[in-house]
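Student: Quick one, input26.cif (mmCIF, C-alpha atoms and all ligand atoms):
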```cif
data_run
loop_
_atom_site.group_PDB
_atom_site.id
_atom_site.type_symbol
_atom_site.label_atom_id
_atom_site.label_comp_id
_atom_site.auth_asym_id
_atom_site.auth_seq_id
_atom_site.Cartn_x
_atom_site.Cartn_y
_atom_site.Cartn_z
ATOM 1 C CA MET A 543 6.315 4.048 -38.006
ATOM 2 C CA ASP A 544 7.225 2.515 -34.647
ATOM 3 C CA LEU A 545 9.466 4.995 -32.830
ATOM 4 C CA SER A 546 9.513 3.153 -29.504
ATOM 5 C CA PHE A 547 12.439 0.745 -30.060
ATOM 6 C CA PRO A 548 14.840 0.559 -27.092
ATOM 7 C CA LEU A 549 18.443 1.769 -27.298
ATOM 8 C CA ASN A 550 21.353 0.787 -25.052
ATOM 9 C CA GLU A 551 23.462 3.476 -23.358
ATOM 10 C CA GLY A 552 26.151 3.592 -26.086
ATOM 11 C CA LEU A 553 23.670 3.861 -28.923
ATOM 12 C CA LEU A 554 21.667 6.335 -26.857
ATOM 13 C CA SER A 555 24.647 8.679 -26.626
ATOM 14 C CA LEU A 556 25.218 8.425 -30.390
ATOM 15 C CA TYR A 557 21.513 8.976 -31.013
ATOM 16 C CA ARG A 558 21.506 12.111 -28.829
ATOM 17 C CA THR A 559 24.473 13.510 -30.764
ATOM 18 C CA VAL A 560 22.950 12.795 -34.159
ATOM 19 C CA THR A 561 19.578 14.304 -33.233
ATOM 20 C CA LEU A 562 21.024 17.326 -31.402
ATOM 21 C CA PRO A 563 20.547 19.861 -34.242
ATOM 22 C CA GLY A 564 16.827 19.041 -34.482
ATOM 23 C CA ARG A 565 16.424 19.312 -30.706
ATOM 24 C CA GLU A 566 18.250 22.650 -30.644
ATOM 25 C CA LEU A 567 15.966 23.951 -33.376
ATOM 26 C CA LEU A 568 12.906 22.974 -31.316
ATOM 27 C CA ARG A 569 14.357 24.661 -28.213
ATOM 28 C CA TRP A 570 15.073 27.809 -30.189
ATOM 29 C CA ARG A 571 11.533 27.934 -31.601
ATOM 30 C CA TRP A 572 9.900 27.226 -28.239
ATOM 31 C CA ARG A 573 12.060 29.799 -26.460
ATOM 32 C CA ARG A 574 11.039 32.379 -29.050
ATOM 33 C CA SER A 575 7.329 31.449 -28.903
ATOM 34 C CA GLN A 576 7.461 30.815 -25.094
ATOM 35 C CA ARG A 577 5.678 27.511 -25.686
ATOM 36 C CA PHE A 578 7.860 24.746 -24.243
ATOM 37 C CA PRO A 579 5.976 21.501 -23.555
ATOM 38 C CA LEU A 580 6.184 20.466 -19.884
ATOM 39 C CA ALA A 581 7.441 17.212 -18.356
ATOM 40 C CA ILE A 582 6.163 15.593 -15.163
ATOM 41 C CA LEU A 583 8.341 12.830 -13.707
ATOM 42 C CA PHE A 584 7.196 9.986 -11.502
ATOM 43 C CA TYR A 585 9.381 8.032 -9.109
ATOM 44 C CA HIS A 586 8.399 5.259 -6.684
ATOM 45 C CA ARG A 587 11.152 4.442 -4.226
ATOM 46 C CA VAL A 588 14.582 5.959 -3.488
ATOM 47 C CA ALA A 589 16.715 3.511 -1.479
ATOM 48 C CA ASP A 590 20.085 1.769 -1.476
ATOM 49 C CA ARG A 591 18.813 -1.652 -0.377
ATOM 50 C CA HIS A 592 16.495 -4.166 -2.030
ATOM 51 C CA ALA A 593 16.933 -2.734 -5.524
ATOM 52 C CA ASN A 594 14.088 -3.495 -7.930
ATOM 53 C CA PRO A 595 12.817 -2.015 -11.199
ATOM 54 C CA TRP A 596 10.894 0.725 -9.335
ATOM 55 C CA THR A 597 13.801 1.792 -7.116
ATOM 56 C CA ILE A 598 16.546 4.365 -7.728
ATOM 57 C CA SER A 599 19.606 4.760 -5.457
ATOM 58 C CA THR A 600 20.043 7.827 -3.264
ATOM 59 C CA ALA A 601 23.172 8.864 -5.204
ATOM 60 C CA ASP A 602 21.409 8.571 -8.566
ATOM 61 C CA PHE A 603 18.393 10.486 -7.288
ATOM 62 C CA ALA A 604 20.682 13.295 -6.068
ATOM 63 C CA ARG A 605 22.327 13.358 -9.522
ATOM 64 C CA HIS A 606 18.891 13.634 -11.132
ATOM 65 C CA LEU A 607 18.066 16.613 -8.889
ATOM 66 C CA ASP A 608 21.437 18.279 -9.623
ATOM 67 C CA TRP A 609 20.840 18.016 -13.363
ATOM 68 C CA LEU A 610 17.172 19.056 -13.193
ATOM 69 C CA GLU A 611 17.957 22.085 -10.992
ATOM 70 C CA THR A 612 20.568 23.225 -13.515
ATOM 71 C CA HIS A 613 18.443 22.912 -16.647
ATOM 72 C CA PHE A 614 14.770 23.286 -15.667
ATOM 73 C CA ASP A 615 12.235 25.277 -13.762
ATOM 74 C CA ILE A 616 11.072 22.679 -11.211
ATOM 75 C CA VAL A 617 7.477 23.554 -10.380
ATOM 76 C CA SER A 618 4.369 22.173 -8.635
ATOM 77 C CA LEU A 619 1.531 20.451 -10.498
ATOM 78 C CA GLU A 620 -0.546 23.552 -9.855
ATOM 79 C CA GLU A 621 2.057 25.678 -11.661
ATOM 80 C CA VAL A 622 2.165 23.164 -14.544
ATOM 81 C CA GLN A 623 -1.594 23.610 -14.927
ATOM 82 C CA GLN A 624 -1.310 27.396 -14.741
ATOM 83 C CA ARG A 625 1.335 27.467 -17.487
ATOM 84 C CA ILE A 626 -0.855 25.247 -19.696
ATOM 85 C CA ARG A 627 -3.921 27.441 -19.043
ATOM 86 C CA ARG A 628 -1.998 30.614 -19.831
ATOM 87 C CA GLY A 629 -0.480 28.981 -22.913
ATOM 88 C CA ILE A 630 2.917 30.321 -21.925
ATOM 89 C CA CYS A 631 5.946 28.318 -20.831
ATOM 90 C CA PRO A 632 9.097 30.347 -21.480
ATOM 91 C CA ARG A 633 11.628 27.850 -20.118
ATOM 92 C CA PRO A 634 12.113 24.067 -20.007
ATOM 93 C CA THR A 635 9.898 22.991 -17.094
ATOM 94 C CA VAL A 636 9.539 19.834 -15.045
ATOM 95 C CA ALA A 637 7.494 18.679 -12.028
ATOM 96 C CA ILE A 638 8.375 15.810 -9.676
ATOM 97 C CA THR A 639 5.928 13.230 -8.319
ATOM 98 C CA PHE A 640 6.120 9.931 -6.428
ATOM 99 C CA ASP A 641 3.669 7.030 -6.452
ATOM 100 C CA ASP A 642 2.615 4.408 -3.895
ATOM 101 C CA GLY A 643 4.003 5.639 -0.518
ATOM 102 C CA TYR A 644 7.161 3.740 0.467
ATOM 103 C CA ALA A 645 8.428 4.548 3.977
ATOM 104 C CA GLU A 646 12.080 4.611 2.851
ATOM 105 C CA ASN A 647 11.415 7.756 0.816
ATOM 106 C CA CYS A 648 11.464 9.548 4.171
ATOM 107 C CA ASP A 649 15.108 8.511 4.748
ATOM 108 C CA PHE A 650 16.628 10.563 1.919
ATOM 109 C CA ALA A 651 14.458 11.556 -1.046
ATOM 110 C CA LEU A 652 11.788 13.630 0.630
ATOM 111 C CA PRO A 653 14.086 15.388 3.169
ATOM 112 C CA GLU A 654 16.409 16.169 0.224
ATOM 113 C CA LEU A 655 13.555 17.687 -1.801
ATOM 114 C CA ILE A 656 12.500 19.734 1.231
ATOM 115 C CA ARG A 657 16.105 20.834 1.896
ATOM 116 C CA ARG A 658 16.487 21.969 -1.725
ATOM 117 C CA GLN A 659 13.042 23.619 -1.625
ATOM 118 C CA ILE A 660 11.925 21.621 -4.661
ATOM 119 C CA PRO A 661 8.138 21.199 -4.912
ATOM 120 C CA ALA A 662 6.893 17.596 -5.192
ATOM 121 C CA THR A 663 3.608 15.703 -5.133
ATOM 122 C CA TYR A 664 3.467 12.408 -3.248
ATOM 123 C CA PHE A 665 0.684 9.986 -4.260
ATOM 124 C CA VAL A 666 -0.341 7.415 -1.675
ATOM 125 C CA ALA A 667 -2.534 4.283 -1.751
ATOM 126 C CA THR A 668 -4.256 4.713 1.596
ATOM 127 C CA ASP A 669 -5.206 1.132 2.607
ATOM 128 C CA PHE A 670 -1.516 0.213 2.877
ATOM 129 C CA VAL A 671 -0.829 3.215 5.105
ATOM 130 C CA ALA A 672 -3.932 2.623 7.250
ATOM 131 C CA HIS A 673 -3.037 -1.021 7.900
ATOM 132 C CA GLY A 674 0.779 -0.793 7.755
ATOM 133 C CA ARG A 675 0.676 -3.458 5.055
ATOM 134 C CA PRO A 676 3.262 -3.964 2.270
ATOM 135 C CA PHE A 677 2.190 -4.155 -1.385
ATOM 136 C CA PRO A 678 1.291 -7.690 -2.585
ATOM 137 C CA HIS A 679 3.790 -7.460 -5.472
ATOM 138 C CA ASP A 680 6.608 -6.722 -2.970
ATOM 139 C CA VAL A 681 5.520 -9.601 -0.740
ATOM 140 C CA ALA A 682 5.462 -11.900 -3.771
ATOM 141 C CA ALA A 683 9.020 -10.784 -4.602
ATOM 142 C CA GLY A 684 10.181 -11.629 -1.068
ATOM 143 C CA GLN A 685 10.611 -7.931 -0.163
ATOM 144 C CA PRO A 686 7.761 -6.798 2.125
ATOM 145 C CA LEU A 687 8.770 -3.110 2.000
ATOM 146 C CA PRO A 688 7.057 -0.924 4.611
ATOM 147 C CA PRO A 689 4.582 1.795 3.556
ATOM 148 C CA ASN A 690 4.573 5.301 4.987
ATOM 149 C CA THR A 691 2.812 5.929 8.283
ATOM 150 C CA ILE A 692 0.051 8.468 8.846
ATOM 151 C CA GLU A 693 2.452 10.503 10.991
ATOM 152 C CA GLN A 694 5.009 10.621 8.169
ATOM 153 C CA LEU A 695 2.387 11.864 5.704
ATOM 154 C CA ARG A 696 1.279 14.544 8.146
ATOM 155 C CA GLU A 697 4.871 15.699 8.661
ATOM 156 C CA LEU A 698 5.555 15.717 4.907
ATOM 157 C CA SER A 699 2.427 17.776 4.291
ATOM 158 C CA ASP A 700 3.415 20.203 7.051
ATOM 159 C CA SER A 701 6.860 20.492 5.401
ATOM 160 C CA GLY A 702 5.386 21.557 2.065
ATOM 161 C CA ILE A 703 5.162 18.244 0.172
ATOM 162 C CA THR A 704 1.823 18.010 -1.671
ATOM 163 C CA ILE A 705 0.046 14.776 -0.757
ATOM 164 C CA GLY A 706 -2.101 13.202 -3.491
ATOM 165 C CA ALA A 707 -4.419 10.192 -3.715
ATOM 166 C CA HIS A 708 -3.551 6.932 -5.500
ATOM 167 C CA THR A 709 -6.720 4.942 -4.632
ATOM 168 C CA ARG A 710 -7.177 2.935 -1.445
ATOM 169 C CA SER A 711 -6.261 -0.554 -2.677
ATOM 170 C CA HIS A 712 -3.978 0.245 -5.655
ATOM 171 C CA CYS A 713 -6.441 -1.492 -7.974
ATOM 172 C CA ASP A 714 -6.551 -1.186 -11.759
ATOM 173 C CA LEU A 715 -9.372 1.344 -12.215
ATOM 174 C CA GLY A 716 -9.603 0.453 -15.894
ATOM 175 C CA LYS A 717 -11.168 -2.811 -14.771
ATOM 176 C CA VAL A 718 -13.569 -1.316 -12.182
ATOM 177 C CA GLY A 719 -17.056 -0.837 -13.603
ATOM 178 C CA ASP A 720 -18.952 -0.667 -10.317
ATOM 179 C CA GLY A 721 -19.785 2.923 -9.307
ATOM 180 C CA LYS A 722 -19.641 2.256 -5.567
ATOM 181 C CA ARG A 723 -16.193 0.695 -5.898
ATOM 182 C CA LEU A 724 -15.013 3.693 -7.940
ATOM 183 C CA ASP A 725 -16.288 5.979 -5.170
ATOM 184 C CA ARG A 726 -14.487 3.991 -2.494
ATOM 185 C CA GLU A 727 -11.209 4.158 -4.370
ATOM 186 C CA ILE A 728 -11.377 7.733 -5.684
ATOM 187 C CA VAL A 729 -13.464 9.606 -3.104
ATOM 188 C CA GLY A 730 -12.500 7.325 -0.207
ATOM 189 C CA SER A 731 -8.736 7.780 -0.650
ATOM 190 C CA LYS A 732 -9.221 11.561 -0.816
ATOM 191 C CA GLU A 733 -11.228 11.498 2.415
ATOM 192 C CA ASP A 734 -8.669 9.264 4.171
ATOM 193 C CA LEU A 735 -5.811 11.625 3.331
ATOM 194 C CA GLU A 736 -7.714 14.806 4.140
ATOM 195 C CA GLN A 737 -8.584 13.400 7.544
ATOM 196 C CA TRP A 738 -4.953 12.443 8.178
ATOM 197 C CA ILE A 739 -3.199 15.615 6.996
ATOM 198 C CA GLY A 740 -5.912 18.203 7.654
ATOM 199 C CA ARG A 741 -5.621 19.713 4.169
ATOM 200 C CA ALA A 742 -7.561 19.460 0.912
ATOM 201 C CA VAL A 743 -6.220 16.792 -1.462
ATOM 202 C CA GLN A 744 -6.235 18.212 -4.983
ATOM 203 C CA TYR A 745 -4.587 15.590 -7.210
ATOM 204 C CA PHE A 746 -5.154 11.937 -8.058
ATOM 205 C CA ALA A 747 -2.797 9.485 -9.810
ATOM 206 C CA PHE A 748 -4.092 6.355 -11.553
ATOM 207 C CA PRO A 749 -2.359 3.131 -10.434
ATOM 208 C CA TYR A 750 -0.328 1.749 -13.373
ATOM 209 C CA GLY A 751 -1.347 4.824 -15.381
ATOM 210 C CA ARG A 752 -1.342 3.270 -18.856
ATOM 211 C CA PRO A 753 -4.229 4.156 -21.206
ATOM 212 C CA ALA A 754 -5.918 0.805 -20.430
ATOM 213 C CA ASN A 755 -5.884 1.664 -16.707
ATOM 214 C CA VAL A 756 -7.565 5.083 -17.208
ATOM 215 C CA SER A 757 -11.337 4.906 -17.770
ATOM 216 C CA GLN A 758 -13.742 7.728 -18.580
ATOM 217 C CA ALA A 759 -15.999 6.611 -15.676
ATOM 218 C CA ALA A 760 -13.064 7.045 -13.286
ATOM 219 C CA ILE A 761 -12.165 10.451 -14.774
ATOM 220 C CA ASP A 762 -15.777 11.571 -14.312
ATOM 221 C CA ARG A 763 -15.645 10.508 -10.637
ATOM 222 C CA ILE A 764 -12.341 12.313 -10.145
ATOM 223 C CA ARG A 765 -13.846 15.499 -11.551
ATOM 224 C CA SER A 766 -17.058 15.289 -9.519
ATOM 225 C CA ALA A 767 -15.077 14.506 -6.340
ATOM 226 C CA GLY A 768 -13.506 17.962 -6.566
ATOM 227 C CA TYR A 769 -9.961 17.073 -7.573
ATOM 228 C CA ALA A 770 -8.046 19.766 -9.496
ATOM 229 C CA GLY A 771 -6.504 17.203 -11.854
ATOM 230 C CA PHE A 772 -5.271 13.644 -12.358
ATOM 231 C CA CYS A 773 -2.033 12.010 -13.473
ATOM 232 C CA SER A 774 -1.525 9.219 -15.972
ATOM 233 C CA ALA A 775 1.843 7.536 -16.487
ATOM 234 C CA PHE A 776 2.425 6.492 -20.073
ATOM 235 C CA GLY A 777 5.423 8.606 -20.909
ATOM 236 C CA ALA A 778 3.912 11.604 -22.690
ATOM 237 C CA TRP A 779 4.680 15.328 -22.562
ATOM 238 C CA ASN A 780 2.172 18.037 -21.579
ATOM 239 C CA TRP A 781 1.476 20.343 -24.515
ATOM 240 C CA LEU A 782 0.171 23.859 -24.045
ATOM 241 C CA ASP A 783 -3.002 23.145 -26.014
ATOM 242 C CA ALA A 784 -3.913 20.090 -23.895
ATOM 243 C CA ASP A 785 -6.612 19.871 -21.212
ATOM 244 C CA PRO A 786 -4.686 20.632 -17.999
ATOM 245 C CA PHE A 787 -7.009 18.409 -15.953
ATOM 246 C CA HIS A 788 -5.094 15.428 -17.393
ATOM 247 C CA LEU A 789 -1.421 15.577 -16.373
ATOM 248 C CA ARG A 790 0.797 13.215 -18.342
ATOM 249 C CA ARG A 791 3.900 11.768 -16.732
ATOM 250 C CA ILE A 792 7.271 10.279 -17.729
ATOM 251 C CA HIS A 793 9.282 7.662 -15.776
ATOM 252 C CA GLY A 794 11.905 9.241 -13.537
ATOM 253 C CA ASP A 795 13.327 5.896 -12.425
ATOM 254 C CA PRO A 796 15.650 4.941 -15.311
ATOM 255 C CA GLY A 797 19.307 5.999 -15.394
ATOM 256 C CA LEU A 798 20.347 9.619 -15.771
ATOM 257 C CA GLU A 799 21.485 9.213 -19.395
ATOM 258 C CA ARG A 800 18.069 7.944 -20.421
ATOM 259 C CA LEU A 801 16.352 10.738 -18.492
ATOM 260 C CA LYS A 802 18.617 13.340 -20.108
ATOM 261 C CA ASN A 803 17.795 11.916 -23.521
ATOM 262 C CA TRP A 804 14.054 12.086 -22.937
ATOM 263 C CA LEU A 805 14.007 15.509 -21.309
ATOM 264 C CA THR A 806 16.181 17.145 -23.948
ATOM 265 C CA PHE A 807 13.261 16.557 -26.308
ATOM 266 C CA ASP A 808 13.955 13.130 -27.761
ATOM 267 C CA PRO A 809 11.797 13.197 -30.905
ATOM 268 C CA ARG A 810 10.797 9.565 -30.263
ATOM 269 C CA LYS A 811 9.275 10.671 -26.937
ATOM 270 C CA LEU A 812 7.751 13.885 -28.275
ATOM 271 C CA TRP A 813 6.063 12.059 -31.112
ATOM 272 C CA GLN A 814 4.912 9.104 -29.047
ATOM 273 C CA ALA A 815 1.402 8.151 -30.070
ATOM 274 C CA GLU A 816 -1.371 8.800 -27.580
ATOM 275 C CA PRO A 817 -4.791 7.143 -27.842
ATOM 276 C CA ASP A 818 -6.905 10.277 -27.462
ATOM 277 C CA CYS A 819 -4.849 12.801 -29.415
ATOM 278 C CA GLY A 820 -2.152 13.189 -32.012
ATOM 279 C CA ASN A 821 1.100 14.339 -30.486
ATOM 280 C CA ARG A 822 2.709 14.668 -33.875
ATOM 281 C CA SER A 823 0.259 17.392 -34.844
ATOM 282 C CA ARG A 824 0.729 19.012 -31.425
ATOM 283 C CA LEU A 825 4.464 19.100 -31.930
ATOM 284 C CA LEU A 826 4.063 20.760 -35.284
ATOM 285 C CA ALA A 827 1.506 23.204 -33.848
ATOM 286 C CA GLY A 828 3.972 24.117 -31.098
ATOM 287 C CA VAL A 829 6.747 24.683 -33.592
ATOM 288 C CA ALA A 830 4.590 26.716 -35.922
ATOM 289 C CA SER A 831 3.237 29.072 -33.265
HETATM 290 ZN ZN ZN B 901 1.221 2.864 -7.984
#
```
Go ahead and render the structure in this file as structure tokens.
Ligand SMILES: [Zn+2]

Tutor:
Amino acid sequence: MDLSFPLNEGLLSLYRTVTLPGRELLRWRWRRSQRFPLAILFYHRVADRHANPWTISTADFARHLDWLETHFDIVSLEEVQQRIRRGICPRPTVAITFDDGYAENCDFALPELIRRQIPATYFVATDFVAHGRPFPHDVAAGQPLPPNTIEQLRELSDSGITIGAHTRSHCDLGKVGDGKRLDREIVGSKEDLEQWIGRAVQYFAFPYGRPANVSQAAIDRIRSAGYAGFCSAFGAWNWLDADPFHLRRIHGDPGLERLKNWLTFDPRKLWQAEPDCGNRSRLLAGVAS
């Protein structure tokens, strides 16, 4: 059965109401068993100008943080991994990440996270930072948005933001078969960042992050390069019986109502098919334990 059909905001509200008893039952079981699945959100750009599908306004981002702070433990990726390894997650839990490295995130989003003392991981494609070059897809759209500078990344790291690697060139690693190219993108971006911020870089995020963009050869390189884990981005939850080296992420960008629907355990999201495992059986395992 295809459970991925889209719903508009009105239908979404009705859908949440109708499915509330089932969600409450799951919450009750997971609270009792201390086995909540964990969500990791990914954003790209928080700004009030040049809106595009990977941008959220400053006001909406603040509303997201208000709601998340009220209803979730907001933790680092390291803490997500620790909860998975221990097999214990007693409360609804979320982690926040960003991809790409847009300079405007330093105007509001990142200072706001630092002010609220919310942990976050910030994944950067290093060629664009090194050369001060906008992303080709932004240039093509007539919006050559500036990337972060090395100084900004250093300051963010010094302020407690975790900096992660997102390749050098933002290429689709699912299409890269050449070992030397994989090394340049995976090991090279780690080395660039470590040189810039003076700290070890522990996490890697695949550009695009869909199953087709995540290859086993790339995962093997990530592991041998000494990363502590990697992020995909195809909208799945992190179950307590999963391998914590692979951190699954959910879009943070859409409107608050959609985010609320997903993060209050929308069964369509929980049961979303995943190529390398069966989430349906994981859901049932979590409920039964
Ligand atoms: Zn990206």

Student: Here's a test: counting all atoms listed in the file, identify every protein, DNA and RNA residue with an atom at most 12 Å from (-3.7, 15.5, -10.3) in the file's coordinate frame, and state them as an MDAnalysis selection string.

Tutor: chainID A and resid 582 618:623 637 639:641 662:665 704:708 728 732 743:748 761 764:765 768:775 786:791

Student: Write the selection just made, keeping C-alpha atoms, as a compact mmCIF listing (two decimals), in the frame of the given file?

Tutor:
```
# COMPACT_ATOMS: atom_id res chain seq x y z
CA ILE A 582 6.16 15.59 -15.16
CA SER A 618 4.37 22.17 -8.64
CA LEU A 619 1.53 20.45 -10.50
CA GLU A 620 -0.55 23.55 -9.86
CA GLU A 621 2.06 25.68 -11.66
CA VAL A 622 2.16 23.16 -14.54
CA GLN A 623 -1.59 23.61 -14.93
CA ALA A 637 7.49 18.68 -12.03
CA THR A 639 5.93 13.23 -8.32
CA PHE A 640 6.12 9.93 -6.43
CA ASP A 641 3.67 7.03 -6.45
CA ALA A 662 6.89 17.60 -5.19
CA THR A 663 3.61 15.70 -5.13
CA TYR A 664 3.47 12.41 -3.25
CA PHE A 665 0.68 9.99 -4.26
CA THR A 704 1.82 18.01 -1.67
CA ILE A 705 0.05 14.78 -0.76
CA GLY A 706 -2.10 13.20 -3.49
CA ALA A 707 -4.42 10.19 -3.72
CA HIS A 708 -3.55 6.93 -5.50
CA ILE A 728 -11.38 7.73 -5.68
CA LYS A 732 -9.22 11.56 -0.82
CA VAL A 743 -6.22 16.79 -1.46
CA GLN A 744 -6.24 18.21 -4.98
CA TYR A 745 -4.59 15.59 -7.21
CA PHE A 746 -5.15 11.94 -8.06
CA ALA A 747 -2.80 9.48 -9.81
CA PHE A 748 -4.09 6.36 -11.55
CA ILE A 761 -12.16 10.45 -14.77
CA ILE A 764 -12.34 12.31 -10.14
CA ARG A 765 -13.85 15.50 -11.55
CA GLY A 768 -13.51 17.96 -6.57
CA TYR A 769 -9.96 17.07 -7.57
CA ALA A 770 -8.05 19.77 -9.50
CA GLY A 771 -6.50 17.20 -11.85
CA PHE A 772 -5.27 13.64 -12.36
CA CYS A 773 -2.03 12.01 -13.47
CA SER A 774 -1.52 9.22 -15.97
CA ALA A 775 1.84 7.54 -16.49
CA PRO A 786 -4.69 20.63 -18.00
CA PHE A 787 -7.01 18.41 -15.95
CA HIS A 788 -5.09 15.43 -17.39
CA LEU A 789 -1.42 15.58 -16.37
CA ARG A 790 0.80 13.22 -18.34
CA ARG A 791 3.90 11.77 -16.73
```

Student: On this structure, the PyMOL selection byres (((chain A and resi 756) around 10) and not hetatm) would catch which residues? List them as number ranges by chain, sorted by chain and number.

Tutor: A: 714-717, 747-755, 757-761, 773-775

Student: Go ahead and compute the interatomic distance for atom CA of Ser711 of chain A and atom CA of Thr668 of chain A, in Å to one decimal.

Tutor: 7.1 Å

Student: Looking at A:Leu801, A:Ile598, A:Leu580, A:Leu698, which one is nearest to Leu782 of chain A, with distances taken over all atoms listed in the file?

Tutor: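 The shortest atom-to-atom distance to Leu782 of chain A comes from A:Leu580.
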
Student: Between atom CA of Leu554 of chain A and atom CA of Leu568 of chain A, measure the distance and give it in Å to one decimal.

Tutor: 19.3 Å

Student: Build an axis-aligned box that encloses every atom of segment 787-804 of chain A listed in the file, pad it by 5 Å on each side, and report its centre and edge lengths in Å to one decimal, as JSON.

Tutor:
```
{"center_x": 7.2, "center_y": 11.7, "center_z": -18.0, "size_x": 38.5, "size_y": 23.5, "size_z": 21.1}
```

Student: Given the file shown, enumerate the residues that the PyMOL selection byres (((chain A and resi 555) around 12) and not hetatm) captures and present them as a list in words.

Tutor: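 What the PyMOL selection byres (((chain A and resi 555) around 12) and not hetatm) grabs from the file is Leu549, Asn550, Glu551, Gly552, Leu553, Leu554, Leu556, Tyr557, Arg558, Thr559, Val560, Thr561, Leu562, Leu798, Glu799, Arg800, Leu801, Lys802, Asn803, Trp804 and Asp808 of chain A.
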
Student: Compile the contact shell of Val588 of chain A as a PDB file with C-alpha atoms, in the frame of the given file: residues with an atom at most 6 Å away, counting only C-alpha atoms, same-chain residues fewer than 6 positions apart removed.

Tutor:
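This went into selection35.pdb:
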```
ATOM      1  CA  THR A 597      13.801   1.792  -7.116  1.00  0.00           C
ATOM      2  CA  ILE A 598      16.546   4.365  -7.728  1.00  0.00           C
ATOM      3  CA  SER A 599      19.606   4.760  -5.457  1.00  0.00           C
ATOM      4  CA  THR A 600      20.043   7.827  -3.264  1.00  0.00           C
ATOM      5  CA  ASN A 647      11.415   7.756   0.816  1.00  0.00           C
TER       6      ASN A 647
END
```

Student: Could you please determine the separation between atom CA of Arg605 of chain A and atom CA of Pro796 of chain A in Å, to one decimal place?

Tutor: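 That distance, rounded to one decimal, is 12.2 Å.
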
Student: Nearest residue to ligand ZN 901 (chain B) out of A:Pro689, A:Gly643, A:Gly740, A:Gly797, using all atoms listed in the file?

Tutor: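 Comparing A:Pro689, A:Gly643, A:Gly740, A:Gly797 against ligand ZN 901 (chain B), the winner is A:Gly643.
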
Student: Do a neighbour search on segment 678-686 of chain A at 12 Å with all atoms listed in the file, toss out local chain neighbours closer than 3 positions, and write the hits as a list in words.

Tutor: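 After dropping sequence-adjacent residues, the list is Arg591, His592, Ala593, Asn594, Pro595, Trp596, Thr597, Asp642, Tyr644, Ala645, Phe670, Gly674, Arg675, Pro689, Ser711, His712 and Cys713 of chain A.
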